[in-house]
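Q: File entry.pdb below, PDB, C-alpha atoms:
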ATOM      1  CA  MET A   1    -112.946  57.926 211.383
ATOM      2  CA  ASN A   2    -113.609  61.563 210.511
ATOM      3  CA  SER A   3    -116.910  61.509 208.611
ATOM      4  CA  GLU A   4    -116.458  65.178 207.598
ATOM      5  CA  ALA A   5    -113.252  64.572 205.651
ATOM      6  CA  GLU A   6    -113.415  64.722 201.858
ATOM      7  CA  PRO A   7    -113.986  61.166 200.582
ATOM      8  CA  LEU A   8    -111.133  59.534 198.734
ATOM      9  CA  ASP A   9    -111.736  57.592 195.536
ATOM     10  CA  ILE A  10    -111.155  53.846 195.326
ATOM     11  CA  TRP A  11    -111.542  52.370 191.863
ATOM     12  CA  ILE A  12    -112.351  48.701 191.380
ATOM     13  CA  VAL A  13    -111.560  47.110 188.031
ATOM     14  CA  SER A  14    -114.036  44.261 187.645
ATOM     15  CA  ASP A  15    -114.060  41.464 185.080
ATOM     16  CA  GLY A  16    -117.709  40.790 185.946
ATOM     17  CA  LYS A  17    -117.069  37.525 187.778
ATOM     18  CA  PRO A  18    -118.939  37.571 191.116
ATOM     19  CA  GLY A  19    -116.157  35.818 193.028
ATOM     20  CA  HIS A  20    -113.520  38.309 191.899
ATOM     21  CA  LEU A  21    -115.747  41.313 192.527
ATOM     22  CA  ASN A  22    -116.598  39.961 195.981
ATOM     23  CA  GLN A  23    -112.896  40.036 196.876
ATOM     24  CA  SER A  24    -112.336  43.576 195.613
ATOM     25  CA  ARG A  25    -115.441  44.905 197.305
ATOM     26  CA  GLY A  26    -114.449  43.174 200.522
ATOM     27  CA  LEU A  27    -111.147  45.058 200.606
ATOM     28  CA  ALA A  28    -112.632  48.399 199.539
ATOM     29  CA  GLU A  29    -115.440  48.183 202.087
ATOM     30  CA  ALA A  30    -112.978  47.283 204.837
ATOM     31  CA  ILE A  31    -110.970  50.412 204.002
ATOM     32  CA  ALA A  32    -114.207  52.413 204.018
ATOM     33  CA  ARG A  33    -114.737  51.462 207.659
ATOM     34  CA  HIS A  34    -111.593  53.482 208.432
ATOM     35  CA  ARG A  35    -111.626  56.300 205.872
ATOM     36  CA  PRO A  36    -114.360  58.204 204.014
ATOM     37  CA  VAL A  37    -114.169  56.821 200.474
ATOM     38  CA  ARG A  38    -116.123  56.688 197.238
ATOM     39  CA  ILE A  39    -116.026  53.253 195.646
ATOM     40  CA  THR A  40    -116.595  53.039 191.902
ATOM     41  CA  GLU A  41    -116.387  50.046 189.579
ATOM     42  CA  GLN A  42    -115.341  49.843 185.950
ATOM     43  CA  ALA A  43    -114.767  47.163 183.350
ATOM     44  CA  PRO A  44    -111.282  46.367 182.024
ATOM     45  CA  MET A  45    -109.990  48.270 179.014
ATOM     46  CA  GLY A  46    -109.509  46.600 175.687
ATOM     47  CA  ARG A  47    -106.220  44.698 175.510
ATOM     48  CA  PHE A  48    -104.617  46.980 172.905
ATOM     49  CA  GLU A  49    -105.547  50.166 174.765
ATOM     50  CA  ALA A  50    -104.243  48.795 178.067
ATOM     51  CA  TRP A  51    -100.930  47.746 176.504
ATOM     52  CA  ARG A  52    -100.558  51.138 174.792
ATOM     53  CA  LEU A  53    -101.093  52.992 178.051
ATOM     54  CA  CYS A  54     -98.733  50.667 179.929
ATOM     55  CA  PHE A  55     -95.836  50.707 177.510
ATOM     56  CA  GLY A  56     -96.482  53.422 174.903
ATOM     57  CA  MET A  57     -94.592  56.679 174.576
ATOM     58  CA  GLY A  58     -96.092  60.081 175.255
ATOM     59  CA  VAL A  59     -98.888  58.867 177.505
ATOM     60  CA  PRO A  60    -100.403  61.824 179.382
ATOM     61  CA  GLN A  61    -100.484  61.813 183.170
ATOM     62  CA  LEU A  62    -103.910  62.992 184.210
ATOM     63  CA  ASP A  63    -104.615  65.233 187.190
ATOM     64  CA  GLU A  64    -107.507  63.017 188.291
ATOM     65  CA  ARG A  65    -105.961  60.725 190.868
ATOM     66  CA  PRO A  66    -107.762  57.961 192.765
ATOM     67  CA  ALA A  67    -106.340  57.021 196.142
ATOM     68  CA  LEU A  68    -106.235  53.346 195.197
ATOM     69  CA  ILE A  69    -106.970  51.035 192.277
ATOM     70  CA  ILE A  70    -108.010  47.441 193.056
ATOM     71  CA  GLY A  71    -108.660  44.423 190.871
ATOM     72  CA  ALA A  72    -108.951  40.636 190.938
ATOM     73  CA  GLY A  73    -108.835  38.261 187.971
ATOM     74  CA  HIS A  74    -106.412  37.948 185.065
ATOM     75  CA  ALA A  75    -108.528  40.135 182.770
ATOM     76  CA  THR A  76    -108.006  43.115 185.102
ATOM     77  CA  HIS A  77    -104.218  43.032 185.369
ATOM     78  CA  MET A  78    -103.155  45.147 182.393
ATOM     79  CA  THR A  79    -105.908  47.683 183.085
ATOM     80  CA  LEU A  80    -104.690  48.029 186.670
ATOM     81  CA  LEU A  81    -101.212  48.853 185.396
ATOM     82  CA  ALA A  82    -102.525  51.190 182.700
ATOM     83  CA  LEU A  83    -104.566  53.171 185.217
ATOM     84  CA  ARG A  84    -101.636  53.158 187.604
ATOM     85  CA  ARG A  85     -99.431  54.829 184.996
ATOM     86  CA  LEU A  86    -102.129  57.174 183.720
ATOM     87  CA  HIS A  87    -103.224  58.458 187.128
ATOM     88  CA  ARG A  88    -100.027  57.896 189.160
ATOM     89  CA  ALA A  89    -102.012  55.928 191.731
ATOM     90  CA  PRO A  90    -101.082  52.745 193.614
ATOM     91  CA  ALA A  91    -102.461  49.515 192.176
ATOM     92  CA  VAL A  92    -103.374  46.542 194.365
ATOM     93  CA  VAL A  93    -103.956  43.136 192.793
ATOM     94  CA  LEU A  94    -105.818  40.349 194.557
ATOM     95  CA  MET A  95    -104.874  36.743 193.752
ATOM     96  CA  LYS A  96    -101.637  35.693 192.074
ATOM     97  CA  PRO A  97    -101.249  37.803 188.906
ATOM     98  CA  SER A  98    -100.437  36.450 185.468
ATOM     99  CA  ILE A  99     -97.717  39.075 184.955
ATOM    100  CA  PRO A 100     -94.709  39.801 187.186
ATOM    101  CA  MET A 101     -95.729  40.761 190.718
ATOM    102  CA  GLY A 102     -93.115  43.522 190.817
ATOM    103  CA  PHE A 103     -95.248  45.626 188.455
ATOM    104  CA  PHE A 104     -97.866  46.128 191.172
ATOM    105  CA  ASP A 105     -97.593  48.270 194.280
ATOM    106  CA  PHE A 106     -99.142  45.552 196.433
ATOM    107  CA  CYS A 107    -100.214  41.948 195.861
ATOM    108  CA  LEU A 108    -102.636  40.118 198.169
ATOM    109  CA  ILE A 109    -102.070  36.434 197.399
ATOM    110  CA  PRO A 110    -103.556  33.393 199.182
ATOM    111  CA  GLU A 111    -101.048  31.333 201.139
ATOM    112  CA  HIS A 112    -102.054  28.221 199.196
ATOM    113  CA  ASP A 113    -100.563  29.817 196.063
ATOM    114  CA  GLN A 114     -97.196  29.866 197.865
ATOM    115  CA  PRO A 115     -96.237  33.472 197.058
ATOM    116  CA  PRO A 116     -92.593  34.555 197.433
ATOM    117  CA  GLN A 117     -91.490  36.745 200.329
ATOM    118  CA  ARG A 118     -91.253  40.287 198.990
ATOM    119  CA  PRO A 119     -92.067  43.725 200.440
ATOM    120  CA  ASN A 120     -94.986  44.221 198.035
ATOM    121  CA  ILE A 121     -96.610  40.830 198.731
ATOM    122  CA  LEU A 122     -98.934  39.988 201.602
ATOM    123  CA  PRO A 123    -100.019  36.340 201.943
ATOM    124  CA  THR A 124    -103.679  35.907 202.893
ATOM    125  CA  ARG A 125    -105.623  33.030 204.407
ATOM    126  CA  GLY A 126    -107.853  32.284 201.445
ATOM    127  CA  ALA A 127    -109.673  34.822 199.311
ATOM    128  CA  LEU A 128    -110.961  38.076 200.784
ATOM    129  CA  ASN A 129    -114.725  38.541 201.089
ATOM    130  CA  ARG A 130    -117.428  40.951 202.259
ATOM    131  CA  MET A 131    -118.852  38.963 205.169
ATOM    132  CA  ARG A 132    -119.496  40.613 208.528
ATOM    133  CA  PRO A 133    -120.514  39.030 211.827
ATOM    134  CA  GLY A 134    -123.988  39.815 213.131
ATOM    135  CA  ASP A 135    -126.015  38.998 216.215
ATOM    136  CA  LYS A 136    -125.829  35.220 216.476
ATOM    137  CA  THR A 137    -129.013  33.239 217.057
ATOM    138  CA  PRO A 138    -128.341  30.698 219.827
ATOM    139  CA  GLY A 139    -128.441  27.106 218.591
ATOM    140  CA  SER A 140    -128.503  28.096 214.904
ATOM    141  CA  GLY A 141    -126.660  26.203 212.192
ATOM    142  CA  VAL A 142    -126.393  26.150 208.419
ATOM    143  CA  ILE A 143    -125.147  23.368 206.139
ATOM    144  CA  LEU A 144    -123.836  24.515 202.746
ATOM    145  CA  VAL A 145    -123.710  21.860 200.030
ATOM    146  CA  GLY A 146    -121.684  22.390 196.876
ATOM    147  CA  GLY A 147    -121.265  20.047 193.945
ATOM    148  CA  PRO A 148    -118.893  18.483 191.413
ATOM    149  CA  SER A 149    -115.579  20.275 190.880
ATOM    150  CA  LYS A 150    -112.265  19.550 189.214
ATOM    151  CA  HIS A 151    -110.601  19.106 192.591
ATOM    152  CA  PHE A 152    -112.952  16.621 194.284
ATOM    153  CA  SER A 153    -114.977  13.536 193.410
ATOM    154  CA  TRP A 154    -118.649  14.224 194.137
ATOM    155  CA  ASN A 155    -119.929  11.282 196.168
ATOM    156  CA  GLU A 156    -123.615  11.989 196.711
ATOM    157  CA  SER A 157    -124.241   9.137 199.130
ATOM    158  CA  ARG A 158    -121.252  10.177 201.244
ATOM    159  CA  VAL A 159    -122.488  13.775 201.441
ATOM    160  CA  LEU A 160    -126.000  12.669 202.384
ATOM    161  CA  GLU A 161    -124.676  10.317 205.068
ATOM    162  CA  GLN A 162    -122.736  13.182 206.661
ATOM    163  CA  VAL A 163    -125.686  15.574 206.510
ATOM    164  CA  ASP A 164    -127.914  12.940 208.065
ATOM    165  CA  ALA A 165    -125.363  12.360 210.845
ATOM    166  CA  LEU A 166    -125.337  16.088 211.600
ATOM    167  CA  LEU A 167    -129.121  16.200 211.802
ATOM    168  CA  GLN A 168    -129.245  13.104 214.016
ATOM    169  CA  GLN A 169    -126.311  13.756 216.336
ATOM    170  CA  THR A 170    -126.561  17.481 216.974
ATOM    171  CA  SER A 171    -129.296  19.650 218.432
ATOM    172  CA  ALA A 172    -128.795  22.761 216.301
ATOM    173  CA  ASP A 173    -131.660  24.356 214.414
ATOM    174  CA  TRP A 174    -130.304  23.519 210.959
ATOM    175  CA  THR A 175    -130.919  25.234 207.645
ATOM    176  CA  ILE A 176    -129.492  23.487 204.567
ATOM    177  CA  GLY A 177    -128.594  25.362 201.405
ATOM    178  CA  SER A 178    -127.404  24.146 198.012
ATOM    179  CA  SER A 179    -125.369  25.902 195.318
ATOM    180  CA  ARG A 180    -125.571  26.350 191.573
ATOM    181  CA  ARG A 181    -123.238  23.337 191.250
ATOM    182  CA  THR A 182    -125.392  20.971 193.313
ATOM    183  CA  PRO A 183    -126.798  18.140 191.141
ATOM    184  CA  ASP A 184    -130.596  17.851 190.899
ATOM    185  CA  SER A 185    -130.474  14.385 192.430
ATOM    186  CA  THR A 186    -128.630  15.713 195.479
ATOM    187  CA  GLU A 187    -131.138  18.524 195.909
ATOM    188  CA  GLN A 188    -134.040  16.078 195.691
ATOM    189  CA  ALA A 189    -132.408  13.824 198.295
ATOM    190  CA  LEU A 190    -131.758  16.768 200.621
ATOM    191  CA  ALA A 191    -135.396  17.857 200.309
ATOM    192  CA  THR A 192    -136.502  14.338 201.278
ATOM    193  CA  LEU A 193    -134.024  14.195 204.151
ATOM    194  CA  ALA A 194    -134.559  17.653 205.624
ATOM    195  CA  GLY A 195    -137.995  18.774 204.438
ATOM    196  CA  GLU A 196    -138.617  22.498 204.888
ATOM    197  CA  ARG A 197    -135.175  22.965 206.389
ATOM    198  CA  PHE A 198    -133.708  22.595 202.889
ATOM    199  CA  VAL A 199    -133.525  25.771 200.784
ATOM    200  CA  PRO A 200    -132.448  25.141 197.160
ATOM    201  CA  ALA A 201    -130.150  27.650 195.519
ATOM    202  CA  ALA A 202    -132.891  28.567 193.028
ATOM    203  CA  ASN A 203    -134.972  29.935 195.924
ATOM    204  CA  THR A 204    -132.279  32.236 197.284
ATOM    205  CA  GLY A 205    -131.134  35.704 196.341
ATOM    206  CA  PRO A 206    -127.724  37.416 196.669
ATOM    207  CA  ASP A 207    -128.405  38.431 200.286
ATOM    208  CA  TRP A 208    -129.433  34.973 201.525
ATOM    209  CA  LEU A 209    -125.987  33.629 202.342
ATOM    210  CA  PRO A 210    -124.600  36.793 204.027
ATOM    211  CA  GLN A 211    -127.736  36.988 206.181
ATOM    212  CA  GLN A 212    -127.531  33.301 207.102
ATOM    213  CA  LEU A 213    -123.865  33.428 208.028
ATOM    214  CA  ALA A 214    -124.161  36.683 209.944
ATOM    215  CA  ARG A 215    -126.754  35.245 212.352
ATOM    216  CA  THR A 216    -125.615  31.600 212.439
ATOM    217  CA  GLU A 217    -123.421  30.139 215.161
ATOM    218  CA  THR A 218    -122.264  26.994 213.360
ATOM    219  CA  CYS A 219    -121.644  26.299 209.686
ATOM    220  CA  TRP A 220    -120.752  23.046 207.905
ATOM    221  CA  VAL A 221    -119.477  23.235 204.335
ATOM    222  CA  THR A 222    -118.743  20.512 201.780
ATOM    223  CA  GLN A 223    -115.021  20.311 201.068
ATOM    224  CA  ASP A 224    -115.315  21.505 197.461
ATOM    225  CA  SER A 225    -116.583  24.936 198.582
ATOM    226  CA  ALA A 226    -113.401  26.408 200.082
ATOM    227  CA  SER A 227    -114.524  30.005 199.553
ATOM    228  CA  MET A 228    -117.547  29.341 201.765
ATOM    229  CA  VAL A 229    -115.233  28.131 204.537
ATOM    230  CA  TYR A 230    -113.471  31.501 204.557
ATOM    231  CA  GLU A 231    -116.746  33.414 204.319
ATOM    232  CA  ALA A 232    -118.219  31.510 207.260
ATOM    233  CA  LEU A 233    -115.106  32.164 209.350
ATOM    234  CA  THR A 234    -115.208  35.861 208.493
ATOM    235  CA  ALA A 235    -118.851  35.937 209.588
ATOM    236  CA  GLY A 236    -117.767  34.595 212.976
ATOM    237  CA  CYS A 237    -119.150  31.063 212.638
ATOM    238  CA  LYS A 238    -117.676  27.876 214.044
ATOM    239  CA  VAL A 239    -116.894  25.883 210.909
ATOM    240  CA  GLY A 240    -116.809  22.181 210.052
ATOM    241  CA  VAL A 241    -116.007  20.534 206.721
ATOM    242  CA  LEU A 242    -117.974  17.670 205.142
ATOM    243  CA  THR A 243    -115.279  15.587 203.515
ATOM    244  CA  LEU A 244    -114.937  14.361 199.930
ATOM    245  CA  ASP A 245    -112.297  12.410 198.042
ATOM    246  CA  GLU A 246    -109.675  14.615 196.425
ATOM    247  CA  GLN A 247    -108.983  14.094 192.726
ATOM    248  CA  ALA A 248    -105.354  14.995 193.423
ATOM    249  CA  ASP A 249    -103.336  17.150 195.776
ATOM    250  CA  ASN A 250    -104.515  20.681 195.098
ATOM    251  CA  ARG A 251    -103.875  24.153 196.408
ATOM    252  CA  ILE A 252    -107.513  24.704 197.428
ATOM    253  CA  SER A 253    -107.510  21.789 199.839
ATOM    254  CA  ARG A 254    -104.086  22.789 201.166
ATOM    255  CA  GLY A 255    -105.505  26.062 202.440
ATOM    256  CA  VAL A 256    -108.350  24.363 204.306
ATOM    257  CA  ASP A 257    -105.993  21.652 205.595
ATOM    258  CA  THR A 258    -103.832  24.379 207.122
ATOM    259  CA  LEU A 259    -106.875  25.792 208.922
ATOM    260  CA  ARG A 260    -107.579  22.328 210.319
ATOM    261  CA  GLU A 261    -103.979  21.957 211.513
ATOM    262  CA  GLN A 262    -104.272  25.325 213.255
ATOM    263  CA  GLY A 263    -107.473  24.302 215.027
ATOM    264  CA  ILE A 264    -109.499  26.992 213.259
ATOM    265  CA  VAL A 265    -111.889  24.550 211.541
ATOM    266  CA  SER A 266    -112.728  20.888 212.045
ATOM    267  CA  ALA A 267    -114.067  18.113 209.826
ATOM    268  CA  ALA A 268    -116.450  15.170 209.810
ATOM    269  CA  PRO A 269    -117.056  13.122 211.893
ATOM    270  CA  ASP A 270    -116.224  15.660 214.620
ATOM    271  CA  TRP A 271    -119.891  16.650 214.819
ATOM    272  CA  GLN A 272    -119.434  18.608 218.070
ATOM    273  CA  LEU A 273    -116.443  20.504 216.608
ATOM    274  CA  GLU A 274    -114.272  19.533 219.553
ATOM    275  CA  ALA A 275    -111.102  19.855 217.434
ATOM    276  CA  ILE A 276    -111.566  23.621 217.124
ATOM    277  CA  THR A 277    -109.124  25.265 219.508
ATOM    278  CA  SER A 278    -108.904  28.759 217.991
ATOM    279  CA  THR A 279    -111.724  31.271 217.931
ATOM    280  CA  ALA A 280    -112.896  32.549 214.556
ATOM    281  CA  ALA A 281    -113.897  35.887 216.069
ATOM    282  CA  ASP A 282    -110.789  37.626 214.730
ATOM    283  CA  PHE A 283    -110.699  35.922 211.325
ATOM    284  CA  ASN A 284    -111.163  38.827 208.904
ATOM    285  CA  GLU A 285    -108.579  38.942 206.140
ATOM    286  CA  ALA A 286    -110.158  41.926 204.365
ATOM    287  CA  GLU A 287    -109.891  43.957 207.562
ATOM    288  CA  ARG A 288    -106.291  42.848 208.169
ATOM    289  CA  CYS A 289    -105.263  43.719 204.603
ATOM    290  CA  ALA A 290    -107.040  47.073 204.817
ATOM    291  CA  GLU A 291    -105.099  47.946 207.961
ATOM    292  CA  VAL A 292    -101.793  47.065 206.295
ATOM    293  CA  ILE A 293    -102.657  49.242 203.295
ATOM    294  CA  LEU A 294    -103.694  52.146 205.519
ATOM    295  CA  LYS A 295    -100.315  52.015 207.272
ATOM    296  CA  LYS A 296     -98.625  52.622 203.917
ATOM    297  CA  GLY A 297    -100.035  56.157 203.911
ATOM    298  CA  TRP A 298    -101.556  56.000 200.430
ATOM    299  CA  LEU A 299    -104.886  57.171 201.814
ATOM    300  CA  GLY A 300    -103.477  59.707 204.261
ATOM    301  CA  ARG A 301    -102.640  59.218 207.910
ATOM    302  CA  ASP A 302    -104.559  59.660 211.149
TER     303      ASP A 302
END
If you convert what's in this file into structure tokens, what do you get?

A:
Amino acid sequence: MNSEAEPLDIWIVSDGKPGHLNQSRGLAEAIARHRPVRITEQAPMGRFEAWRLCFGMGVPQLDERPALIIGAGHATHMTLLALRRLHRAPAVVLMKPSIPMGFFDFCLIPEHDQPPQRPNILPTRGALNRMRPGDKTPGSGVILVGGPSKHFSWNESRVLEQVDALLQQTSADWTIGSSRRTPDSTEQALATLAGERFVPAANTGPDWLPQQLARTETCWVTQDSASMVYEALTAGCKVGVLTLDEQADNRISRGVDTLREQGIVSAAPDWQLEAITSTAADFNEAERCAEVILKKGWLGRD
């Protein structure tokens, strides 16, 4: 990468939801590892203004032209298209949009959403994220516990039994973390079970999880927290899933099930992760998507 080149502008349209912004930043930062860029973030326009700019007559085309406009979340879609028309810049949407996909220059859509095969669509393995591998601490492990969700029945005793089995049957130096969704009773039980090894979500900041995953060799995640599975893989961890009962067949579990079928992750009670046959070292969807976008020439060519 030529660090002396004039930085290109990447605009992120953010609806303020951390999960959506995490995806957009992940892509933008992956591009920034290949090209000098300036990344700026802005809120969506009002609905009327966005519609006027998308479909109104006599809309000016401004000279200011970002290299790329990125957004995730339904509230960003019309603003992406409005900015695309106003600045004549390519618009990339992450996740399946609520308006026709043909309106966007490029759509990055998780495989579990079963996107159609089109030139402007790239299926991804889960949602993009910002994780990066770090120097792994030998023998380190982290257990990430979620909570009730619409897709899974939260069985506290089942989760605790699996965590206890991990602690008893493996020799890793475990750290256990909860989430904002973890019930108080589950947190209290984890504190009793693991003592100082348990770190409640209330005691962590935004950098805790990236730092843990970057240095950790092995990560176990409760089945409701699919995004954490993809983040752990991107951070280069070996990943296992603590199982729960599904409420019904759902697209979130389908994505993780596919990873299991491919030997990329395993699940309880495979405590030694013997079912993993594929390395996670090259699992980085943000990097892969960035490389595909760079090949399109929107940000110049090498």

Q: Name the residues in contact with Ser227 (chain A) at a cut-off of 7 Å, using all atoms listed in the file, excluding same-chain residues fewer than 3 positions from it; report them as a PyMOL selection string.

A: chain A and resi 127+230-231

Q: What's the separation between CA of Gln162 (chain A) and CA of Ala202 (chain A), in Å to one decimal place?

A: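 Separation between CA of Gln162 (chain A) and CA of Ala202 (chain A): 22.9 Å.
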
Q: List the residues matched by the PyMOL selection byres ((chain A and resi 294) around 12) in the displayed structure as a PyMOL selection string, ordered by chain and then by residue number.

A: chain A and resi 27-28+30-35+67-68+287-293+295-302

Q: Need the shell around Ala226 (chain A): protein/DNA/RNA residues with any atom at most 9 Å away, counting all atoms listed in the file. Skip same-chain ones fewer than 3 positions apart. Format as a PDB file with C-alpha atoms, in the coordinates of the input?

A:
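Writing the result to part.pdb gives the following:
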ATOM      1  CA  GLY A 126    -107.853  32.284 201.445  1.00  0.00           C
ATOM      2  CA  VAL A 221    -119.477  23.235 204.335  1.00  0.00           C
ATOM      3  CA  THR A 222    -118.743  20.512 201.780  1.00  0.00           C
ATOM      4  CA  GLN A 223    -115.021  20.311 201.068  1.00  0.00           C
ATOM      5  CA  VAL A 229    -115.233  28.131 204.537  1.00  0.00           C
ATOM      6  CA  TYR A 230    -113.471  31.501 204.557  1.00  0.00           C
ATOM      7  CA  GLU A 231    -116.746  33.414 204.319  1.00  0.00           C
ATOM      8  CA  ILE A 252    -107.513  24.704 197.428  1.00  0.00           C
ATOM      9  CA  SER A 253    -107.510  21.789 199.839  1.00  0.00           C
ATOM     10  CA  GLY A 255    -105.505  26.062 202.440  1.00  0.00           C
ATOM     11  CA  VAL A 256    -108.350  24.363 204.306  1.00  0.00           C
TER      12      VAL A 256
END

Q: Determine the nearest neighbour of Glu274 (chain A) from the options A:Val239, A:Leu259, A:Ile39, A:Val142, counting all atoms listed in the file.

A: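 Looking at the shortest contact to Glu274 (chain A), the residue is A:Val239.
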
Q: Which residues would end up in the selection if the PyMOL selection byres ((chain A and resi 75) around 9) were applied here, given that I need the answer as a PyMOL selection string?

A: chain A and resi 14-15+44+47+72-74+76-79

Q: Could you take the residues named above and write them with C-alpha atoms, as an mmCIF file, in the frame of the given file?

A:
data_model
loop_
_atom_site.group_PDB
_atom_site.id
_atom_site.type_symbol
_atom_site.label_atom_id
_atom_site.label_comp_id
_atom_site.auth_asym_id
_atom_site.auth_seq_id
_atom_site.Cartn_x
_atom_site.Cartn_y
_atom_site.Cartn_z
ATOM 1 C CA SER A 14 -114.036 44.261 187.645
ATOM 2 C CA ASP A 15 -114.060 41.464 185.080
ATOM 3 C CA PRO A 44 -111.282 46.367 182.024
ATOM 4 C CA ARG A 47 -106.220 44.698 175.510
ATOM 5 C CA ALA A 72 -108.951 40.636 190.938
ATOM 6 C CA GLY A 73 -108.835 38.261 187.971
ATOM 7 C CA HIS A 74 -106.412 37.948 185.065
ATOM 8 C CA THR A 76 -108.006 43.115 185.102
ATOM 9 C CA HIS A 77 -104.218 43.032 185.369
ATOM 10 C CA MET A 78 -103.155 45.147 182.393
ATOM 11 C CA THR A 79 -105.908 47.683 183.085
#

Q: Got a sec: who's within 12 Å of Leu166 (chain A), counting all atoms listed in the file, leaving out chain neighbours fewer than 6 positions off, as a list in words?

A: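 Near Leu166 (chain A), the qualifying residues are Gly141, Val142, Ile143, Val159, Leu160, Ala172, Asp173, Trp174, Thr175, Ile176, Leu193, Ala194, Thr218, Cys219, Trp220, Val221, Gly240, Val241, Leu242, Ala267, Ala268, Pro269, Asp270, Trp271, Gln272 and Leu273 of chain A.
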